[in-house]
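**Student:** A single structure is presented below for examination.
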Amino acid sequence: MEDSKNADYLERFYLNYGFGTRCIHAGEHVGQPQAATHTGAIYQTSTFIFKNAEEGADIFSGKKDGYSYSRMGNPTVKLLEAKMNSLEGAEIKKLNPDLRVSTQAFSSGMGAISSTLMALASQGDTIILGDVLYAATDHLAFNVLNRFGINSVTVNPADLDAFERCLKQNPKAKACLIETPTNPLLSVYDIKAISKLIKSINPSIKLVVDNTFATPYLQRPLELGADVVVHSTTKYICGHGTVVGGLVTTHSEEVKTSLYTVLKDVGANPSPFDTWLVNLGLKTLPLRMEKHCDNAMKIAQYLEHHPKVKQVNYPGLESSPYYALAKKQMKRPGGMISFELKGGLDAGRKMMDSIHLFSLAVSLGSVDSLIQHPASMTHASVPRDKRVASGITDGLVRMSVGVEDCEDLLSALEHCLGKL
Ligand SMILES: *Cc1c(COP(=O)(O)O)cnc(C)c1O
């Protein structure tokens, strides 16, 4: 029990520090035997030695905090979880000191999402999904969880009347999962309004927000009424394209307990080394996000006035239908942009082959700029009619703007677009 007292103390200790300070210091000494190393140590071990029979028995019975086996907990992982508690939860804890915020780390974003949905829904229950989700999340709901008797329905989170009808038509719903901003069209949904609606109709539904595109630096769903926040740390949180990982943060004791059961029995736990890299990445999150946002804004403005570009999707542009909501809900509009080329499929392919500096790759949120063409890559398997109806047109290009010098990114774009 001493360890958890210590963790609570350290969590409270950092409450009044700014976000950037907490990125660097919060959690650093949680779970570590002494503050002997400057950065948290990597506990690259599968199992832990007990001092004696009594300690082994006490750790297993929960009488004493401690580690037994790395699937069930590891000091390096615990450090990252404590840091994330502080980043997503410090502001709500200041308002309500009794609230217990907890984070569970996973081996991937999908490990985090699948475990969350398994923790929340059982056979016969329903999950309400936003109609634009990461492709694997959609596939998980309709091709995996459905086989275990968990049904899913989709709704457009921008249409609150439709959302209300959906809530009333699905009294057995246990969870609602949305993403904002969305991929690849950067739609922004009103987390506060959706949370209010859910609480007024069926308060037993937990609102889960996939905060991968925004990170806690730009948007904190728990402060806006969400019950659970999920992240793919593969993206901005790690930020260097080195790790596949996930995190789930919640202030619900009930969710925390069932999530831990799923984690230890299903086993989507992260490796200590990957976790250490994620923690290292998190330390510079505010610096990176500011630069991602600076660069994305300049590039979005440049593209908006380019003769080869039909339309730009970026919630930071005043022309975006999501401008006002993004301004209210997010600190800044983020580093992701998508835009439509006038030349359609051919122009999209040609751009992928002639662009310099931007790596032709899926994924996002890395310090380097990445570019991809959904119609010929990530969404090539979706029938054209369906794809175009969902807004993923032939000439749509998605860009994850990195933290390079912006002039270099702009001249790479100028050079490439000039050739189309
Ligand atoms: C990448 C991503 C995921 C899945 O995460 P993995 O780490 O690849 O498993 C889930 N949601 C969003 C929004 C993502 O971008």
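Following the order of the structure tokens, chains are lettered A, B, ..., residues in each are numbered from 1, and ligands are numbered from 1.
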May I have the residues within 10 Å of Gly267 in chain A as a PyMOL selection string, using only C-alpha atoms and disregarding those fewer than 2 positions away in the same chain?
**Tutor:** chain A and resi 71-72+106-107+111+115+260-265+269-270
**Student:** Using only C-alpha atoms, determine which residues lie at most 8 Å from range 346-348 of chain A, disregarding the query and same-chain residues fewer than 4 positions distant; provide the list as a ChimeraX atom specification.
**Tutor:** /A:341-342,352,373,394-397,420
**Student:** Check which residues of chain A sit at most 8 Å from ligand 1 using only C-alpha atoms and all ligand atoms, and return one row each with the closest pair of atoms and their distance in Å to one decimal, ordered by chain and rising number, as a tab-separated table.
**Tutor:**
residue	atom	partner	partner_atom_place_in_ligand_line	distance
A:Ser107	CA	ligand 1	7 (O)	7.7
A:Ser108	CA	ligand 1	7 (O)	4.1
A:Gly109	CA	ligand 1	5 (O)	3.3
A:Met110	CA	ligand 1	9 (O)	3.8
A:Gly111	CA	ligand 1	9 (O)	6.3
A:Ala112	CA	ligand 1	9 (O)	7.8
A:Ile113	CA	ligand 1	10 (C)	7.4
A:Leu133	CA	ligand 1	13 (C)	7.0
A:Tyr134	CA	ligand 1	11 (N)	5.1
A:Ala136	CA	ligand 1	4 (C)	7.0
A:Thr137	CA	ligand 1	10 (C)	6.7
A:Glu179	CA	ligand 1	13 (C)	6.5
A:Thr182	CA	ligand 1	13 (C)	7.2
A:Asn183	CA	ligand 1	13 (C)	6.9
A:Asp210	CA	ligand 1	13 (C)	6.0
A:Asn211	CA	ligand 1	13 (C)	7.0
A:Thr212	CA	ligand 1	13 (C)	5.0
A:Phe213	CA	ligand 1	13 (C)	6.1
A:His231	CA	ligand 1	11 (N)	6.8
A:Ser232	CA	ligand 1	5 (O)	4.3
A:Thr233	CA	ligand 1	7 (O)	6.2
A:Thr234	CA	ligand 1	7 (O)	4.9
A:Lys235	CA	ligand 1	1 (C)	6.7
A:Val244	CA	ligand 1	7 (O)	4.9
A:Gly245	CA	ligand 1	7 (O)	5.0
A:Gly246	CA	ligand 1	7 (O)	5.8
A:Ser363	CA	ligand 1	1 (C)	6.3
A:Leu364	CA	ligand 1	15 (O)	7.1
**Student:** Can you tell me how far CA of Gly402 in chain A sits from CA of His292 in chain A, in Å to one decimal?
**Tutor:**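 Value for the CA of Gly402 in chain A-CA of His292 in chain A distance: 5.7 Å.
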**Student:** With only C-alpha atoms as the counted atoms, please give the residues lying no more than 9 Å from Leu409 in chain A, apart from itself and same-chain residues fewer than 6 positions off, as a PDB file with all heavy atoms, in the first residue's frame.
**Tutor:**
ATOM      1  N   ASN A 295       3.162  24.872 -38.623  1.00  0.00           N
ATOM      2  CA  ASN A 295       3.420  24.447 -40.000  1.00  0.00           C
ATOM      3  C   ASN A 295       2.122  24.116 -40.741  1.00  0.00           C
ATOM      4  O   ASN A 295       1.947  24.489 -41.899  1.00  0.00           O
ATOM      5  CB  ASN A 295       4.342  23.221 -40.013  1.00  0.00           C
ATOM      6  CG  ASN A 295       5.800  23.582 -39.737  1.00  0.00           C
ATOM      7  OD1 ASN A 295       6.123  24.756 -39.602  1.00  0.00           O
ATOM      8  ND2 ASN A 295       6.657  22.580 -39.653  1.00  0.00           N
ATOM      9  N   ILE A 299       0.693  25.795 -44.214  1.00  0.00           N
ATOM     10  CA  ILE A 299       0.499  24.955 -45.403  1.00  0.00           C
ATOM     11  C   ILE A 299      -0.966  24.963 -45.840  1.00  0.00           C
ATOM     12  O   ILE A 299      -1.260  25.046 -47.036  1.00  0.00           O
ATOM     13  CB  ILE A 299       1.029  23.524 -45.133  1.00  0.00           C
ATOM     14  CG1 ILE A 299       2.559  23.584 -45.067  1.00  0.00           C
ATOM     15  CG2 ILE A 299       0.568  22.553 -46.200  1.00  0.00           C
ATOM     16  CD1 ILE A 299       3.229  22.284 -44.684  1.00  0.00           C
ATOM     17  N   HIS A 356       8.897  15.581 -52.781  1.00  0.00           N
ATOM     18  CA  HIS A 356      10.120  15.375 -52.002  1.00  0.00           C
ATOM     19  C   HIS A 356       9.836  15.715 -50.542  1.00  0.00           C
ATOM     20  O   HIS A 356       8.865  16.408 -50.248  1.00  0.00           O
ATOM     21  CB  HIS A 356      11.244  16.294 -52.495  1.00  0.00           C
ATOM     22  CG  HIS A 356      11.611  16.043 -53.917  1.00  0.00           C
ATOM     23  ND1 HIS A 356      12.153  14.848 -54.333  1.00  0.00           N
ATOM     24  CD2 HIS A 356      11.491  16.808 -55.025  1.00  0.00           C
ATOM     25  CE1 HIS A 356      12.361  14.904 -55.637  1.00  0.00           C
ATOM     26  NE2 HIS A 356      11.957  16.082 -56.087  1.00  0.00           N
ATOM     27  N   LEU A 357      10.705  15.296 -49.676  1.00  0.00           N
ATOM     28  CA  LEU A 357      10.687  15.641 -48.259  1.00  0.00           C
ATOM     29  C   LEU A 357       9.542  14.985 -47.474  1.00  0.00           C
ATOM     30  O   LEU A 357       9.742  14.509 -46.368  1.00  0.00           O
ATOM     31  CB  LEU A 357      10.633  17.170 -48.080  1.00  0.00           C
ATOM     32  CG  LEU A 357      11.325  17.754 -46.861  1.00  0.00           C
ATOM     33  CD1 LEU A 357      12.770  17.289 -46.725  1.00  0.00           C
ATOM     34  CD2 LEU A 357      11.308  19.286 -46.930  1.00  0.00           C
ATOM     35  N   PHE A 358       8.341  14.949 -48.045  1.00  0.00           N
ATOM     36  CA  PHE A 358       7.221  14.244 -47.405  1.00  0.00           C
ATOM     37  C   PHE A 358       7.406  12.757 -47.703  1.00  0.00           C
ATOM     38  O   PHE A 358       7.518  12.371 -48.865  1.00  0.00           O
ATOM     39  CB  PHE A 358       5.888  14.687 -48.006  1.00  0.00           C
ATOM     40  CG  PHE A 358       5.457  16.067 -47.610  1.00  0.00           C
ATOM     41  CD1 PHE A 358       6.014  17.194 -48.223  1.00  0.00           C
ATOM     42  CD2 PHE A 358       4.478  16.255 -46.640  1.00  0.00           C
ATOM     43  CE1 PHE A 358       5.613  18.468 -47.869  1.00  0.00           C
ATOM     44  CE2 PHE A 358       4.071  17.533 -46.292  1.00  0.00           C
ATOM     45  CZ  PHE A 358       4.637  18.641 -46.901  1.00  0.00           C
ATOM     46  N   SER A 369       7.328  14.774 -41.944  1.00  0.00           N
ATOM     47  CA  SER A 369       6.070  14.932 -42.676  1.00  0.00           C
ATOM     48  C   SER A 369       5.773  13.681 -43.489  1.00  0.00           C
ATOM     49  O   SER A 369       6.659  13.117 -44.127  1.00  0.00           O
ATOM     50  CB  SER A 369       6.168  16.137 -43.617  1.00  0.00           C
ATOM     51  OG  SER A 369       6.233  17.317 -42.856  1.00  0.00           O
ATOM     52  N   VAL A 401       1.583  16.851 -41.177  1.00  0.00           N
ATOM     53  CA  VAL A 401       2.619  17.868 -41.298  1.00  0.00           C
ATOM     54  C   VAL A 401       3.619  17.718 -40.157  1.00  0.00           C
ATOM     55  O   VAL A 401       3.235  17.703 -38.983  1.00  0.00           O
ATOM     56  CB  VAL A 401       1.987  19.285 -41.292  1.00  0.00           C
ATOM     57  CG1 VAL A 401       3.073  20.345 -41.404  1.00  0.00           C
ATOM     58  CG2 VAL A 401       0.969  19.420 -42.413  1.00  0.00           C
ATOM     59  N   GLY A 402       4.880  17.590 -40.502  1.00  0.00           N
ATOM     60  CA  GLY A 402       5.931  17.385 -39.507  1.00  0.00           C
ATOM     61  C   GLY A 402       6.449  18.683 -38.921  1.00  0.00           C
ATOM     62  O   GLY A 402       5.816  19.741 -39.061  1.00  0.00           O
TER      63      GLY A 402
END
**Student:** By how many Å are CA of Leu325 in chain A and CA of Ala90 in chain A apart?
**Tutor:**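 Going from CA of Leu325 in chain A over to CA of Ala90 in chain A, I get 23.3 Å.
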**Student:** Write out as a ChimeraX atom specification all residues of range 216-370 of chain A that backbone DSSP assigns to helix (DSSP H, G or I).
**Tutor:** /A:216-218,221-224,253-266,272-282,285-304,323-329,344-354
**Student:** Could you name the residues that touch Val155 in chain A at 10 Å or less, counting only C-alpha atoms, but leaving out those on the same chain fewer than 5 positions away, as a list in words?
**Tutor:**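 Non-adjacent residues within range: Ile128, Leu129, Gly130, Asp131, Val132, Leu160, Ala162, Phe163, Glu164, Arg165, Cys166, Leu167, Cys176 and Ile178 of chain A.
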**Student:** Which residues in range 236-391 of chain A does DSSP call strand (DSSP E or B)? List them as a PyMOL selection string.
**Tutor:** chain A and resi 246-250+309-313+336-341+359-360+370-372
**Student:** Given the selection you just returned, output its residues as a file containing N, CA, C and O atoms, formatted as a PDB file, in the first residue's frame.
**Tutor:**
ATOM      1  N   GLY A 246      -0.611   2.014 -27.188  1.00  0.00           N
ATOM      2  CA  GLY A 246      -1.909   2.622 -26.881  1.00  0.00           C
ATOM      3  C   GLY A 246      -2.061   2.944 -25.406  1.00  0.00           C
ATOM      4  O   GLY A 246      -1.325   2.410 -24.562  1.00  0.00           O
ATOM      5  N   LEU A 247      -2.996   3.835 -25.103  1.00  0.00           N
ATOM      6  CA  LEU A 247      -3.294   4.209 -23.717  1.00  0.00           C
ATOM      7  C   LEU A 247      -4.798   4.394 -23.555  1.00  0.00           C
ATOM      8  O   LEU A 247      -5.472   4.852 -24.485  1.00  0.00           O
ATOM      9  N   VAL A 248      -5.297   4.062 -22.363  1.00  0.00           N
ATOM     10  CA  VAL A 248      -6.697   4.344 -22.026  1.00  0.00           C
ATOM     11  C   VAL A 248      -6.708   5.069 -20.683  1.00  0.00           C
ATOM     12  O   VAL A 248      -6.112   4.592 -19.723  1.00  0.00           O
ATOM     13  N   THR A 249      -7.374   6.222 -20.621  1.00  0.00           N
ATOM     14  CA  THR A 249      -7.474   6.969 -19.365  1.00  0.00           C
ATOM     15  C   THR A 249      -8.945   7.148 -19.008  1.00  0.00           C
ATOM     16  O   THR A 249      -9.763   7.452 -19.884  1.00  0.00           O
ATOM     17  N   THR A 250      -9.269   6.954 -17.736  1.00  0.00           N
ATOM     18  CA  THR A 250     -10.670   7.090 -17.307  1.00  0.00           C
ATOM     19  C   THR A 250     -10.738   7.589 -15.863  1.00  0.00           C
ATOM     20  O   THR A 250      -9.785   7.406 -15.104  1.00  0.00           O
ATOM     21  N   VAL A 309      -5.616  23.133 -56.407  1.00  0.00           N
ATOM     22  CA  VAL A 309      -6.314  22.543 -55.251  1.00  0.00           C
ATOM     23  C   VAL A 309      -7.770  23.006 -55.231  1.00  0.00           C
ATOM     24  O   VAL A 309      -8.058  24.199 -55.336  1.00  0.00           O
ATOM     25  N   LYS A 310      -8.685  22.027 -55.120  1.00  0.00           N
ATOM     26  CA  LYS A 310     -10.110  22.348 -55.132  1.00  0.00           C
ATOM     27  C   LYS A 310     -10.589  22.740 -53.734  1.00  0.00           C
ATOM     28  O   LYS A 310     -11.347  23.672 -53.564  1.00  0.00           O
ATOM     29  N   GLN A 311     -10.141  21.970 -52.731  1.00  0.00           N
ATOM     30  CA  GLN A 311     -10.652  22.220 -51.381  1.00  0.00           C
ATOM     31  C   GLN A 311      -9.656  21.755 -50.326  1.00  0.00           C
ATOM     32  O   GLN A 311      -8.967  20.753 -50.523  1.00  0.00           O
ATOM     33  N   VAL A 312      -9.597  22.477 -49.211  1.00  0.00           N
ATOM     34  CA  VAL A 312      -8.696  22.092 -48.121  1.00  0.00           C
ATOM     35  C   VAL A 312      -9.535  21.817 -46.870  1.00  0.00           C
ATOM     36  O   VAL A 312     -10.419  22.602 -46.534  1.00  0.00           O
ATOM     37  N   ASN A 313      -9.270  20.699 -46.215  1.00  0.00           N
ATOM     38  CA  ASN A 313      -9.936  20.399 -44.939  1.00  0.00           C
ATOM     39  C   ASN A 313      -8.948  20.632 -43.811  1.00  0.00           C
ATOM     40  O   ASN A 313      -8.008  19.852 -43.626  1.00  0.00           O
ATOM     41  N   MET A 336      -2.844  17.812 -38.811  1.00  0.00           N
ATOM     42  CA  MET A 336      -3.317  17.004 -39.938  1.00  0.00           C
ATOM     43  C   MET A 336      -4.106  17.870 -40.923  1.00  0.00           C
ATOM     44  O   MET A 336      -4.931  18.692 -40.519  1.00  0.00           O
ATOM     45  N   ILE A 337      -3.850  17.639 -42.205  1.00  0.00           N
ATOM     46  CA  ILE A 337      -4.563  18.368 -43.265  1.00  0.00           C
ATOM     47  C   ILE A 337      -4.975  17.359 -44.325  1.00  0.00           C
ATOM     48  O   ILE A 337      -4.223  16.423 -44.603  1.00  0.00           O
ATOM     49  N   SER A 338      -6.149  17.528 -44.913  1.00  0.00           N
ATOM     50  CA  SER A 338      -6.403  16.815 -46.158  1.00  0.00           C
ATOM     51  C   SER A 338      -6.890  17.830 -47.181  1.00  0.00           C
ATOM     52  O   SER A 338      -7.415  18.885 -46.817  1.00  0.00           O
ATOM     53  N   PHE A 339      -6.656  17.540 -48.446  1.00  0.00           N
ATOM     54  CA  PHE A 339      -7.077  18.475 -49.497  1.00  0.00           C
ATOM     55  C   PHE A 339      -7.363  17.712 -50.778  1.00  0.00           C
ATOM     56  O   PHE A 339      -6.856  16.613 -50.993  1.00  0.00           O
ATOM     57  N   GLU A 340      -8.204  18.330 -51.602  1.00  0.00           N
ATOM     58  CA  GLU A 340      -8.609  17.666 -52.824  1.00  0.00           C
ATOM     59  C   GLU A 340      -7.955  18.336 -54.021  1.00  0.00           C
ATOM     60  O   GLU A 340      -8.085  19.547 -54.219  1.00  0.00           O
ATOM     61  N   LEU A 341      -7.273  17.512 -54.822  1.00  0.00           N
ATOM     62  CA  LEU A 341      -6.642  18.020 -56.040  1.00  0.00           C
ATOM     63  C   LEU A 341      -7.691  18.085 -57.146  1.00  0.00           C
ATOM     64  O   LEU A 341      -8.559  17.203 -57.244  1.00  0.00           O
ATOM     65  N   SER A 359       7.442  11.911 -46.670  1.00  0.00           N
ATOM     66  CA  SER A 359       7.551  10.471 -46.937  1.00  0.00           C
ATOM     67  C   SER A 359       6.198   9.922 -47.329  1.00  0.00           C
ATOM     68  O   SER A 359       5.174  10.262 -46.722  1.00  0.00           O
ATOM     69  N   LEU A 360       6.222   9.074 -48.329  1.00  0.00           N
ATOM     70  CA  LEU A 360       4.997   8.420 -48.795  1.00  0.00           C
ATOM     71  C   LEU A 360       4.712   7.264 -47.839  1.00  0.00           C
ATOM     72  O   LEU A 360       5.300   6.191 -47.944  1.00  0.00           O
ATOM     73  N   LEU A 370       4.514  13.255 -43.458  1.00  0.00           N
ATOM     74  CA  LEU A 370       4.080  12.064 -44.190  1.00  0.00           C
ATOM     75  C   LEU A 370       2.924  12.446 -45.107  1.00  0.00           C
ATOM     76  O   LEU A 370       2.133  13.342 -44.781  1.00  0.00           O
ATOM     77  N   ILE A 371       2.824  11.753 -46.223  1.00  0.00           N
ATOM     78  CA  ILE A 371       1.735  12.040 -47.164  1.00  0.00           C
ATOM     79  C   ILE A 371       1.178  10.731 -47.693  1.00  0.00           C
ATOM     80  O   ILE A 371       1.922   9.747 -47.815  1.00  0.00           O
ATOM     81  N   GLN A 372      -0.122  10.680 -47.932  1.00  0.00           N
ATOM     82  CA  GLN A 372      -0.707   9.500 -48.571  1.00  0.00           C
ATOM     83  C   GLN A 372      -1.948   9.877 -49.359  1.00  0.00           C
ATOM     84  O   GLN A 372      -2.537  10.939 -49.177  1.00  0.00           O
TER      85      GLN A 372
END
